[in-house]
Amino acid sequence: MAPLGKIARRTFLIGSAAVAGGVVFGVYAVRKPHRNPLLDDLAEGEATFNPWVKVSRDGVTLITPHTDLGQGARSMQAALIAEEMDLEWGDFEVSPGVPSAAYYNRALAYEAAHASPDPTSIQAKMMAPVIMTAIKMMGVQGTGGSSSTRDSFDLLRKAGAVARETLKKAASLRTGLAVADLKTGRGSVQLPDGSAIKYAELAEDAAKIKPVSDVVLRPPEEWRLIGKPMRRLDIEAKSTGALQYSIDLEQEGMVFAALRVSPRRSALVDYDAGAAEKMRGVKKILKVTNGLAVIADNSWRAFKAAEAIRCEWAPAAYPAEMSGHWDEVAASFTPERLEAEWRNDGDVDQALAGADIIEAEYKAPYVAHQPLEPISTVITVTDDRADFWTSHQFPRIAQQKVADICGLKPDQVYLHNQYAGGSFGHRLEFENVTLAAEIAVQMKGAPVKLTFRREDDFEQDFPRQIGMARPRGVVKDGKVLAIDLPIATVSSSASQMARAGVSLPGPDDQITAGASNLPYALPNFRVAAYRVPELAPTSSWRSVGASTAGFFADCFLDELIHAAGADPLAERLRLMNDDISRKVLEAVGDMSNWGSDIGPGRGRGVAFVKSFNTPVAEVIEVTMTAEGIKIDKVFVAADVGTIVDPVNFENHVQGAVVWGLGHAMNCEITYSDGMAQQRNFNAHEGMRLYQCPEIYVRGLENGPEVRGIGEPPVPPAAPALSNAIFAATGMRIREMPFNKHVKFI
């Protein structure tokens with residue numbers, strides 16, 4: 001375990017603001033709530049009780065500040081408020097609200113508390129309140145890390161309860177009835193005589209009274225929405241094509257921008273735009289960071305003109321060829337590049353001394369985010385205001401970046417946060433926002449729509465970290481005795497945070513996430529992180545470090561179990577020292593009928609990874625055919641404490657499995673001449689529909705805390721598939737993508 005003085009990725013806010021800067025927050029400042037942003041434009045007759053609820057004569061508006069990236073965040077947040085307000089499902093409006101410190105992500109402190117392998121440790125307990133203080137004071141509003149439900153669950157239910165009780169108080173003052181004699185239901189306050197007063201009718205009265213703060217939340221047995229299947233608020237619009245994403249938006253007088261920026265993320269040395277300037281519809285060609293932007297009368301003409309510009313780019317700051325990247329990773333297992341020993345149980349060196357050592361090398365490549373909707377931004381800049389429409393996971397940072405470029409104050413910049421057609425971490429970045437602002441400053445008064453072509457989206461992506469593991473282990477008497485697991489990757493956390501204007505102050509715990517926190521009571525277990533100097537810039541990718549370290553750890557454990565002659569599930573259960581995780585493993589064994597004979601030419605593999613403190617176990621069944629590997633079935637068990645919507649839960653798990661399998665099977669980003677070689681889906685191909693297996697899901701609710709599910713099912717997918725292929729063929733695949741070694745049908 002890292003010593004207390006070492007601060008991990010999850011504590012970056014403290015490291016950059018409080019520790020390095022010597023900031024001391026007074027008790028009053030810490031306890032004082034942030035101002036309710038809904039007060040800023042509250043019309044006469046409208047009432048707001050907190051930053052998440054507004055009531056007017058026209059009805060109820062619920063503010064859902066966690067960005068909806070396709071994961072159903074708006075519906076989840078709305079359900080939590082509506083549960084306590086006794087609103088009928090959909091009988092309200094939803095809005096993402098404005099960027100505000102009031103919407104700071106409290107769950108980031110929860111994540112910080114689980115940075116160590118033992119979340120009950122003194123270190124964890126001491127760090128969480130310190131991190132919470134910094135996050136609150138800095139107003140860090142963010143969506144990511146499977147934190148939206150965790151952040152919202154208690155907070156938004158209380159917001160709804162405050163609104164409910166305040167509206168009851170307003171009805172009491174109007175009618176003269178005691179609050180205790182009033183009830184709520186169907187968006188109204190219900191009176192003892194059977195009549196009801198709609199919330200909208202009480203808005204003006206409620207606006208005149210102080211919100212009631214002493215509230216009691218509904219017990220689970222009274223929940224009408226939470227835990228019940230519900231139709232997501234966006235499902236009809238998405239199913240009919242009516243929902244508009246930022247890429248669909250049109251405004252009067254709009255001009256359209258396309259980019260010609262360096263595929264090496266380097267400077268523009270020289271260019272010839274003569275041919276592009278003469279093309280139909282082209283209005284201007286402007287300079288932007290690392291390249292040029294074409295302004296035209298529609299996106300297609302802007303795209304074609306951008307392609308016609310001849311450019312000379314400076315060399316990349318990282319190795320030009322892929323071999324140079326792998327050489328740097330392989331050279332990083334040195335004392336000088338040791339980031340931290342995140343786990344060191346028993347005496348690994350003693351256990352390895354004189355023993356028959358089993359060793360291996362595992363590799364994981366760069367992979368792209370590739371959301372279906374390419375990134376885009378619509379923006380209008382004037383001398384005293386900027387408005388931009390996009391989808392972003394860190395709205396306040398995006399707002400600040402636009403303000404800096406436009407020479408404005410943040411409160412003069414208005415982000416209209418949109419639904420996103422996927423992200424997987426891509427919309428944590430800022431290139432579409434900053435480049436759009438650079439263009440709009442040069443086109444003041446005109447609405448500018450910047451759209452990344454699919455090729456731009458791949459080319460300018462910050463992919464998942466590249467990494468390698470060189471584990472060693474010992475088995476004895478049919479049991480796993482020792483594991484030494486050194487992992488070397490670039491730090492996607494440091495790379496990403498630098499672009500957000502924040503420094504990583506200590507070791508990056510994401511290098512070993514999903515490995516160092518495994519709840520196994522191995523007698524001798526060491527997990528060490530080695531930090532590879534930055535190569536191609538990288539970013540958070542769905543499940544971050546666990547997507548690579550989880551693969552390394554579980555697959556090597558499976559190797560040792562087979563070498564010991566033990567059963568893969570039974571040995572994992574024997575080693576398991578966490579009751580909630582044990583039940584997850586037991587559940588997936590029950591679901592898959594583990595231990596039964598599945599026939600010749602077939603194999604069954606199991607994997608367990610705990611990421612974002614959510615334990616997930618998966619069993620995959622495959623068949624080896626003459627044409628290649630067929631993935632037949634996937635069984636998944638996960639425990640998130642409380643399931644808000646079982647339909648969305650199942651969709652999350654199934655989607656994460658498909659995502660994890662598709663990338664493990666087929667995907668990698670490689671570099672040649674400093675440029676990403678894969679620039680579209682055909683070269684970075686996920687799972688095809690005909691390859692998709694049956695996916696069975698079981699959600700458990702044994703844990704005392706609410707946890708997220710958007711990312712945790714991804715990490716076990718790759719090792720479960722690798723382990724299943726070994727069981728079917730005897731071939732141990734230690735490198736992603738697997739299609740380098742087998743064919744999938």
# chains A, B, ... in the order shown; residues from 1 in each chain; ligands from 1
$ residues_around --residues "segment 483-487 of chain A" --least-positions-apart "4" --cutoff "7 Å" --atoms "only C-alpha atoms" --output "ChimeraX atom specification"
/A:348,468-474,512,524-530
$ closest_atom_pairs --of "segment 60-105 of chain A" --to "segment 30-43 of chain A" --cutoff "8 Å" --atoms "only C-alpha atoms" --output "Markdown table"
| residue | atom | partner | partner_atom | distance |
| --- | --- | --- | --- | --- |
| A:Val98 | CA | A:Pro37 | CA | 7.5 |
| A:Ser100 | CA | A:Pro37 | CA | 6.7 |
| A:Ala101 | CA | A:His34 | CA | 6.5 |
| A:Ala102 | CA | A:His34 | CA | 5.0 |
$ select_by_dssp --residues "segment 513-602 of chain A" --states "alpha helix (DSSP H)" --output "number ranges by chain"
A: 546-564, 568-575, 579-591
$ write_last_selection --atoms "N, CA, C and O atoms" --output "short mmCIF file (atom, residue, chain, number, x, y, z; two decimals), in the first residue's frame"
data_model
loop_
_atom_site.label_atom_id
_atom_site.label_comp_id
_atom_site.auth_asym_id
_atom_site.auth_seq_id
_atom_site.Cartn_x
_atom_site.Cartn_y
_atom_site.Cartn_z
N ALA A 546 -8.46 0.04 -15.22
CA ALA A 546 -8.93 -1.33 -15.02
C ALA A 546 -9.10 -2.07 -16.34
O ALA A 546 -9.09 -3.31 -16.36
N SER A 547 -9.26 -1.34 -17.44
CA SER A 547 -9.43 -2.00 -18.74
C SER A 547 -8.16 -2.72 -19.18
O SER A 547 -8.22 -3.66 -19.98
N THR A 548 -7.02 -2.30 -18.66
CA THR A 548 -5.77 -2.97 -18.98
C THR A 548 -5.26 -3.80 -17.79
O THR A 548 -5.00 -4.99 -17.92
N ALA A 549 -5.17 -3.18 -16.61
CA ALA A 549 -4.64 -3.89 -15.45
C ALA A 549 -5.54 -5.05 -15.04
O ALA A 549 -5.06 -6.10 -14.57
N GLY A 550 -6.85 -4.91 -15.22
CA GLY A 550 -7.76 -6.01 -14.90
C GLY A 550 -7.53 -7.21 -15.79
O GLY A 550 -7.61 -8.36 -15.35
N PHE A 551 -7.22 -6.95 -17.05
CA PHE A 551 -6.89 -8.01 -18.01
C PHE A 551 -5.61 -8.72 -17.59
O PHE A 551 -5.54 -9.96 -17.53
N PHE A 552 -4.59 -7.93 -17.27
CA PHE A 552 -3.31 -8.52 -16.87
C PHE A 552 -3.47 -9.40 -15.63
O PHE A 552 -3.00 -10.55 -15.59
N ALA A 553 -4.14 -8.86 -14.60
CA ALA A 553 -4.22 -9.54 -13.31
C ALA A 553 -5.05 -10.81 -13.38
O ALA A 553 -4.62 -11.87 -12.90
N ASP A 554 -6.24 -10.72 -13.96
CA ASP A 554 -7.11 -11.89 -13.93
C ASP A 554 -6.59 -13.01 -14.83
O ASP A 554 -6.65 -14.19 -14.46
N CYS A 555 -6.08 -12.66 -15.99
CA CYS A 555 -5.57 -13.70 -16.89
C CYS A 555 -4.38 -14.43 -16.28
O CYS A 555 -4.26 -15.66 -16.40
N PHE A 556 -3.48 -13.68 -15.62
CA PHE A 556 -2.33 -14.36 -15.03
C PHE A 556 -2.75 -15.22 -13.85
O PHE A 556 -2.22 -16.33 -13.65
N LEU A 557 -3.71 -14.73 -13.08
CA LEU A 557 -4.25 -15.57 -12.00
C LEU A 557 -4.82 -16.86 -12.58
O LEU A 557 -4.61 -17.95 -12.03
N ASP A 558 -5.51 -16.76 -13.69
CA ASP A 558 -6.07 -17.94 -14.33
C ASP A 558 -4.96 -18.90 -14.78
O ASP A 558 -5.09 -20.13 -14.64
N GLU A 559 -3.87 -18.34 -15.29
CA GLU A 559 -2.72 -19.18 -15.67
C GLU A 559 -2.21 -19.97 -14.46
O GLU A 559 -1.94 -21.17 -14.56
N LEU A 560 -2.07 -19.29 -13.33
CA LEU A 560 -1.55 -19.95 -12.14
C LEU A 560 -2.51 -21.02 -11.63
O LEU A 560 -2.09 -22.10 -11.19
N ILE A 561 -3.80 -20.71 -11.69
CA ILE A 561 -4.79 -21.68 -11.22
C ILE A 561 -4.73 -22.96 -12.05
O ILE A 561 -4.76 -24.08 -11.51
N HIS A 562 -4.62 -22.81 -13.35
CA HIS A 562 -4.51 -23.99 -14.22
C HIS A 562 -3.21 -24.74 -13.95
O HIS A 562 -3.18 -25.98 -13.95
N ALA A 563 -2.13 -23.97 -13.73
CA ALA A 563 -0.85 -24.62 -13.43
C ALA A 563 -0.92 -25.41 -12.12
O ALA A 563 -0.26 -26.45 -11.97
N ALA A 564 -1.75 -24.94 -11.19
CA ALA A 564 -1.90 -25.62 -9.91
C ALA A 564 -2.83 -26.82 -10.00
O ALA A 564 -2.93 -27.60 -9.06
N PRO A 568 -10.90 -23.05 -11.81
CA PRO A 568 -10.78 -21.59 -11.88
C PRO A 568 -11.76 -20.83 -10.99
O PRO A 568 -11.38 -19.83 -10.38
N LEU A 569 -12.99 -21.31 -10.90
CA LEU A 569 -13.95 -20.62 -10.05
C LEU A 569 -13.72 -20.98 -8.58
O LEU A 569 -13.73 -20.09 -7.71
N ALA A 570 -13.50 -22.22 -8.30
CA ALA A 570 -13.32 -22.65 -6.91
C ALA A 570 -12.11 -21.99 -6.27
O ALA A 570 -12.16 -21.59 -5.10
N GLU A 571 -11.01 -21.86 -7.02
CA GLU A 571 -9.82 -21.25 -6.44
C GLU A 571 -10.03 -19.75 -6.22
O GLU A 571 -9.56 -19.19 -5.22
N ARG A 572 -10.73 -19.10 -7.14
CA ARG A 572 -11.04 -17.68 -6.91
C ARG A 572 -11.90 -17.52 -5.66
O ARG A 572 -11.70 -16.59 -4.87
N LEU A 573 -12.87 -18.40 -5.49
CA LEU A 573 -13.72 -18.34 -4.30
C LEU A 573 -12.92 -18.63 -3.03
O LEU A 573 -13.15 -18.02 -1.99
N ARG A 574 -11.99 -19.56 -3.11
CA ARG A 574 -11.16 -19.86 -1.94
C ARG A 574 -10.34 -18.65 -1.52
O ARG A 574 -10.18 -18.38 -0.32
N LEU A 575 -9.84 -17.92 -2.50
CA LEU A 575 -8.99 -16.76 -2.21
C LEU A 575 -9.79 -15.53 -1.81
O LEU A 575 -9.25 -14.62 -1.17
N ASP A 579 -17.13 -10.49 1.27
CA ASP A 579 -18.39 -11.22 1.18
C ASP A 579 -19.23 -10.78 -0.02
O ASP A 579 -19.86 -11.62 -0.69
N ILE A 580 -19.27 -9.49 -0.29
CA ILE A 580 -20.08 -9.00 -1.41
C ILE A 580 -19.51 -9.52 -2.72
O ILE A 580 -20.25 -9.99 -3.60
N SER A 581 -18.20 -9.48 -2.87
CA SER A 581 -17.56 -9.99 -4.08
C SER A 581 -17.75 -11.50 -4.20
O SER A 581 -17.94 -12.03 -5.29
N ARG A 582 -17.68 -12.18 -3.07
CA ARG A 582 -17.88 -13.63 -3.08
C ARG A 582 -19.27 -13.97 -3.64
O ARG A 582 -19.42 -14.89 -4.45
N LYS A 583 -20.28 -13.24 -3.21
CA LYS A 583 -21.64 -13.51 -3.68
C LYS A 583 -21.77 -13.25 -5.18
O LYS A 583 -22.54 -13.92 -5.87
N VAL A 584 -21.01 -12.30 -5.68
CA VAL A 584 -21.01 -12.03 -7.12
C VAL A 584 -20.43 -13.22 -7.88
O VAL A 584 -20.98 -13.68 -8.89
N LEU A 585 -19.30 -13.73 -7.39
CA LEU A 585 -18.69 -14.91 -8.02
C LEU A 585 -19.60 -16.13 -7.92
O LEU A 585 -19.75 -16.89 -8.89
N GLU A 586 -20.20 -16.31 -6.77
CA GLU A 586 -21.11 -17.44 -6.61
C GLU A 586 -22.30 -17.32 -7.56
O GLU A 586 -22.76 -18.32 -8.14
N ALA A 587 -22.80 -16.10 -7.73
CA ALA A 587 -23.95 -15.89 -8.61
C ALA A 587 -23.62 -16.22 -10.05
O ALA A 587 -24.41 -16.87 -10.75
N VAL A 588 -22.45 -15.78 -10.52
CA VAL A 588 -22.12 -16.06 -11.92
C VAL A 588 -21.86 -17.54 -12.13
O VAL A 588 -22.14 -18.09 -13.21
N GLY A 589 -21.35 -18.22 -11.10
CA GLY A 589 -21.19 -19.66 -11.20
C GLY A 589 -22.52 -20.37 -11.30
O GLY A 589 -22.70 -21.31 -12.09
N ASP A 590 -23.49 -19.90 -10.53
CA ASP A 590 -24.84 -20.47 -10.58
C ASP A 590 -25.50 -20.21 -11.92
O ASP A 590 -26.12 -21.10 -12.51
N MET A 591 -25.37 -18.98 -12.41
CA MET A 591 -25.99 -18.61 -13.69
C MET A 591 -25.47 -19.48 -14.84
O MET A 591 -26.23 -19.88 -15.72
#
$ closest_residue --among "A:Gly160, A:Gly45, A:Gly185, A:Gly595" --to "Ile81 of chain A" --atoms "only C-alpha atoms"
A:Gly160
$ residues_around --residues "Leu268 of chain A" --least-positions-apart "4" --cutoff "8 Å" --atoms "only C-alpha atoms" --output "list in words"
Val261, Ser262, Asn290, Gly291, Cys311, Glu312, Trp313 and Ala314 of chain A
$ atom_distance --atom1 "atom CA of Pro507 of chain A" --atom2 "atom CA of Ser543 of chain A"
18.3 Å
$ residues_around --residues "Val53 of chain A" --least-positions-apart "3" --cutoff "9 Å" --atoms "only C-alpha atoms" --output "PyMOL selection string"
chain A and resi 38+47-50+60-63+81+159-160+163
$ residues_around --residues "Gly142 of chain A" --least-positions-apart "4" --cutoff "10 Å" --atoms "only C-alpha atoms" --output "list in words"
Pro65, His66, Thr67, Pro99, Tyr103, Tyr104, Asn105, Arg106, Ala107, Leu108, Ser147, Ser148, His392, Gln393, Phe394, Pro395, Arg396, Ile397 and Leu428 of chain A
$ atom_distance --atom1 "atom CA of Ala386 of chain A" --atom2 "atom CA of Asp248 of chain A"
19.7 Å
$ residues_around --residues "Pro410 of chain A" --least-positions-apart "5" --cutoff "7 Å" --atoms "only C-alpha atoms" --output "MDAnalysis selection string"
chainID A and resid 399:400 403
$ write_last_selection --atoms "N, CA and C atoms" --output "short mmCIF file (atom, residue, chain, number, x, y, z; two decimals), in the first residue's frame"
data_model
loop_
_atom_site.label_atom_id
_atom_site.label_comp_id
_atom_site.auth_asym_id
_atom_site.auth_seq_id
_atom_site.Cartn_x
_atom_site.Cartn_y
_atom_site.Cartn_z
N GLN A 399 -16.33 25.84 -19.89
CA GLN A 399 -16.76 27.24 -19.82
C GLN A 399 -15.57 28.17 -19.61
N GLN A 400 -14.66 27.78 -18.71
CA GLN A 400 -13.48 28.60 -18.42
C GLN A 400 -12.56 28.69 -19.64
N ALA A 403 -14.01 31.07 -22.08
CA ALA A 403 -13.85 32.43 -21.57
C ALA A 403 -12.43 32.95 -21.80
#
$ select_by_dssp --residues "segment 250-389 of chain A" --states "strand (DSSP E)" --output "MDAnalysis selection string"
chainID A and resid 255:261 268:272 282:288 291:296 310:313 338:345 358:359 362:364 376:381 386:389
$ write_last_selection --atoms "N, CA and C atoms" --output "compact mmCIF listing (two decimals), in the first residue's frame"
# COMPACT_ATOMS: atom_id res chain seq x y z
N VAL A 255 -22.51 29.64 -40.10
CA VAL A 255 -21.45 29.22 -41.01
C VAL A 255 -20.88 27.91 -40.48
N PHE A 256 -20.22 27.18 -41.37
CA PHE A 256 -19.82 25.81 -41.05
C PHE A 256 -18.30 25.69 -41.14
N ALA A 257 -17.72 25.05 -40.13
CA ALA A 257 -16.27 24.96 -40.05
C ALA A 257 -15.81 23.52 -40.09
N ALA A 258 -14.67 23.31 -40.77
CA ALA A 258 -13.98 22.02 -40.78
C ALA A 258 -12.51 22.28 -40.51
N LEU A 259 -11.82 21.26 -40.04
CA LEU A 259 -10.44 21.43 -39.59
C LEU A 259 -9.44 20.78 -40.53
N ARG A 260 -8.27 21.38 -40.57
CA ARG A 260 -7.08 20.75 -41.15
C ARG A 260 -5.97 21.00 -40.15
N VAL A 261 -5.91 20.15 -39.14
CA VAL A 261 -4.93 20.33 -38.07
C VAL A 261 -4.01 19.12 -38.03
N LEU A 268 2.08 23.55 -37.44
CA LEU A 268 1.96 23.70 -38.89
C LEU A 268 3.18 24.47 -39.39
N VAL A 269 3.98 23.83 -40.25
CA VAL A 269 5.21 24.44 -40.76
C VAL A 269 4.91 25.31 -41.98
N ASP A 270 4.14 24.78 -42.91
CA ASP A 270 3.83 25.50 -44.13
C ASP A 270 2.56 24.91 -44.72
N TYR A 271 1.90 25.68 -45.58
CA TYR A 271 0.69 25.16 -46.21
C TYR A 271 0.41 25.90 -47.52
N ASP A 272 -0.40 25.26 -48.35
CA ASP A 272 -0.87 25.84 -49.60
C ASP A 272 -2.38 25.63 -49.65
N VAL A 282 -16.72 28.21 -50.11
CA VAL A 282 -15.70 28.55 -49.12
C VAL A 282 -15.72 30.06 -48.86
N LYS A 283 -15.77 30.43 -47.59
CA LYS A 283 -15.82 31.84 -47.20
C LYS A 283 -14.48 32.35 -46.68
N LYS A 284 -13.85 31.55 -45.81
CA LYS A 284 -12.58 31.97 -45.22
C LYS A 284 -11.77 30.74 -44.85
N ILE A 285 -10.46 30.98 -44.73
CA ILE A 285 -9.58 29.97 -44.14
C ILE A 285 -8.81 30.67 -43.02
N LEU A 286 -8.95 30.14 -41.82
CA LEU A 286 -8.42 30.78 -40.62
C LEU A 286 -7.36 29.92 -39.96
N LYS A 287 -6.44 30.58 -39.28
CA LYS A 287 -5.44 29.85 -38.51
C LYS A 287 -5.98 29.52 -37.13
N VAL A 288 -5.73 28.29 -36.69
CA VAL A 288 -6.07 27.84 -35.34
C VAL A 288 -4.86 27.08 -34.80
N GLY A 291 -2.88 24.29 -36.88
CA GLY A 291 -3.43 24.09 -38.21
C GLY A 291 -4.37 25.18 -38.66
N LEU A 292 -5.36 24.76 -39.44
CA LEU A 292 -6.25 25.69 -40.13
C LEU A 292 -7.70 25.25 -39.97
N ALA A 293 -8.60 26.22 -40.16
CA ALA A 293 -10.03 25.93 -40.20
C ALA A 293 -10.61 26.53 -41.47
N VAL A 294 -11.44 25.76 -42.15
CA VAL A 294 -12.13 26.23 -43.34
C VAL A 294 -13.55 26.63 -42.94
N ILE A 295 -13.98 27.82 -43.37
CA ILE A 295 -15.34 28.28 -43.14
C ILE A 295 -16.07 28.25 -44.47
N ALA A 296 -17.22 27.58 -44.50
CA ALA A 296 -17.98 27.44 -45.74
C ALA A 296 -19.47 27.55 -45.45
N ARG A 310 -2.91 21.60 -48.79
CA ARG A 310 -1.64 20.87 -48.67
C ARG A 310 -0.86 21.45 -47.49
N CYS A 311 -0.47 20.57 -46.55
CA CYS A 311 0.17 21.02 -45.32
C CYS A 311 1.47 20.28 -45.06
N GLU A 312 2.38 20.99 -44.42
CA GLU A 312 3.61 20.38 -43.92
C GLU A 312 3.59 20.52 -42.41
N TRP A 313 3.72 19.39 -41.72
CA TRP A 313 3.64 19.39 -40.27
C TRP A 313 5.01 19.13 -39.64
N LEU A 338 9.64 3.41 -11.13
CA LEU A 338 8.66 2.85 -10.21
C LEU A 338 7.77 3.98 -9.68
N GLU A 339 6.49 3.88 -9.97
CA GLU A 339 5.52 4.90 -9.53
C GLU A 339 5.10 4.65 -8.08
N ALA A 340 4.72 3.43 -7.79
CA ALA A 340 4.30 3.08 -6.43
C ALA A 340 4.08 1.58 -6.34
N GLU A 341 4.25 1.03 -5.17
CA GLU A 341 3.80 -0.33 -4.88
C GLU A 341 2.45 -0.20 -4.20
N TRP A 342 1.41 -0.47 -4.97
CA TRP A 342 0.06 -0.28 -4.45
C TRP A 342 -0.41 -1.46 -3.61
N ARG A 343 0.30 -2.58 -3.70
CA ARG A 343 -0.07 -3.76 -2.90
C ARG A 343 1.21 -4.53 -2.61
N ASN A 344 1.40 -4.91 -1.37
CA ASN A 344 2.57 -5.71 -1.03
C ASN A 344 2.25 -6.54 0.21
N ASP A 345 1.57 -7.65 -0.02
CA ASP A 345 1.15 -8.53 1.06
C ASP A 345 2.13 -9.69 1.19
N ILE A 358 6.50 -19.31 -12.52
CA ILE A 358 5.71 -19.18 -13.75
C ILE A 358 5.71 -17.70 -14.10
N GLU A 359 6.08 -17.38 -15.33
CA GLU A 359 6.12 -15.97 -15.72
C GLU A 359 5.55 -15.79 -17.10
N TYR A 362 2.25 -9.67 -20.75
CA TYR A 362 0.94 -9.27 -21.28
C TYR A 362 1.06 -7.86 -21.87
N LYS A 363 0.27 -7.61 -22.92
CA LYS A 363 0.32 -6.31 -23.59
C LYS A 363 -1.09 -5.82 -23.91
N ALA A 364 -1.27 -4.51 -23.79
CA ALA A 364 -2.54 -3.87 -24.16
C ALA A 364 -2.22 -2.63 -24.98
N SER A 376 -18.49 17.80 -31.84
CA SER A 376 -18.86 19.02 -32.56
C SER A 376 -19.21 20.10 -31.55
N THR A 377 -19.28 21.33 -32.02
CA THR A 377 -19.69 22.46 -31.18
C THR A 377 -20.31 23.53 -32.06
N VAL A 378 -21.39 24.12 -31.58
CA VAL A 378 -21.97 25.32 -32.19
C VAL A 378 -21.69 26.46 -31.22
N ILE A 379 -21.18 27.57 -31.74
CA ILE A 379 -20.77 28.67 -30.85
C ILE A 379 -21.01 30.02 -31.52
N THR A 380 -21.44 30.97 -30.71
CA THR A 380 -21.56 32.37 -31.15
C THR A 380 -20.84 33.23 -30.13
N VAL A 381 -19.95 34.09 -30.61
CA VAL A 381 -19.18 34.97 -29.74
C VAL A 381 -19.42 36.42 -30.15
N ALA A 386 -20.58 34.84 -24.90
CA ALA A 386 -20.36 33.67 -25.75
C ALA A 386 -21.37 32.60 -25.36
N ASP A 387 -22.01 32.01 -26.35
CA ASP A 387 -22.91 30.88 -26.15
C ASP A 387 -22.39 29.70 -26.95
N PHE A 388 -22.30 28.53 -26.31
CA PHE A 388 -21.90 27.37 -27.09
C PHE A 388 -22.73 26.15 -26.71
N TRP A 389 -22.99 25.35 -27.74
CA TRP A 389 -23.83 24.18 -27.63
C TRP A 389 -22.99 22.94 -27.95
$ residues_around --residues "Val658 of chain A" --least-positions-apart "4" --cutoff "10 Å" --atoms "only C-alpha atoms" --output "compact mmCIF listing (two decimals) with N, CA, C and O atoms, in the first residue's frame"
# COMPACT_ATOMS: atom_id res chain seq x y z
N VAL A 634 -22.56 -15.15 -22.59
CA VAL A 634 -21.86 -14.41 -21.54
C VAL A 634 -22.81 -14.30 -20.35
O VAL A 634 -23.98 -13.93 -20.51
N VAL A 653 -25.00 -3.14 -18.57
CA VAL A 653 -24.13 -4.31 -18.47
C VAL A 653 -23.93 -4.94 -19.85
O VAL A 653 -22.80 -5.25 -20.25
N GLN A 654 -25.01 -5.15 -20.58
CA GLN A 654 -24.89 -5.77 -21.89
C GLN A 654 -24.05 -4.91 -22.84
O GLN A 654 -23.19 -5.42 -23.57
N GLY A 662 -15.62 -6.37 -27.99
CA GLY A 662 -15.27 -5.89 -29.33
C GLY A 662 -13.88 -5.30 -29.39
O GLY A 662 -13.12 -5.55 -30.33
N HIS A 663 -13.52 -4.51 -28.37
CA HIS A 663 -12.18 -3.92 -28.36
C HIS A 663 -11.11 -4.95 -28.08
O HIS A 663 -10.01 -4.88 -28.64
N ALA A 664 -11.40 -5.90 -27.21
CA ALA A 664 -10.42 -6.96 -26.94
C ALA A 664 -10.19 -7.82 -28.19
O ALA A 664 -9.06 -8.27 -28.45
N GLY A 686 -15.34 -2.83 -33.96
CA GLY A 686 -15.86 -3.48 -32.78
C GLY A 686 -16.54 -4.79 -33.13
O GLY A 686 -16.36 -5.35 -34.22
N MET A 687 -17.31 -5.29 -32.22
CA MET A 687 -18.02 -6.55 -32.45
C MET A 687 -19.13 -6.36 -33.46
O MET A 687 -19.91 -5.41 -33.38
N ARG A 688 -19.23 -7.26 -34.42
CA ARG A 688 -20.31 -7.26 -35.39
C ARG A 688 -21.57 -7.86 -34.78
O ARG A 688 -21.50 -8.68 -33.86
N LEU A 689 -22.73 -7.48 -35.31
CA LEU A 689 -23.99 -7.96 -34.78
C LEU A 689 -24.07 -9.48 -34.79
O LEU A 689 -24.52 -10.10 -33.82
N GLN A 691 -21.79 -11.53 -34.44
CA GLN A 691 -20.86 -12.12 -33.47
C GLN A 691 -21.34 -11.98 -32.03
O GLN A 691 -20.77 -12.58 -31.13
N CYS A 692 -22.40 -11.19 -31.84
CA CYS A 692 -22.83 -10.88 -30.48
C CYS A 692 -23.44 -12.11 -29.80
O CYS A 692 -24.35 -12.74 -30.34
N PRO A 693 -22.95 -12.46 -28.63
CA PRO A 693 -23.47 -13.64 -27.93
C PRO A 693 -24.75 -13.30 -27.16
O PRO A 693 -25.14 -12.13 -27.03
N ILE A 695 -26.36 -12.58 -23.76
CA ILE A 695 -25.77 -12.00 -22.55
C ILE A 695 -26.82 -12.04 -21.44
O ILE A 695 -27.89 -11.43 -21.56
N PRO A 713 -18.51 -3.38 -15.88
CA PRO A 713 -18.57 -4.64 -16.62
C PRO A 713 -17.56 -4.74 -17.77
O PRO A 713 -17.41 -5.82 -18.35
N VAL A 714 -16.87 -3.63 -18.10
CA VAL A 714 -15.91 -3.68 -19.22
C VAL A 714 -14.67 -4.50 -18.87
O VAL A 714 -14.29 -5.40 -19.64
N ALA A 717 -14.48 -8.48 -19.26
CA ALA A 717 -14.83 -9.08 -20.55
C ALA A 717 -13.62 -9.68 -21.26
O ALA A 717 -13.65 -10.83 -21.73
$ closest_residue --among "A:Lys183, A:His416, A:Arg157, A:Arg301" --to "Gly97 of chain A" --atoms "only C-alpha atoms"
A:His416
$ closest_residue --among "A:Ile598, A:Ile643, A:Val367, A:Ala446" --to "Gln678 of chain A" --atoms "only C-alpha atoms"
A:Val367
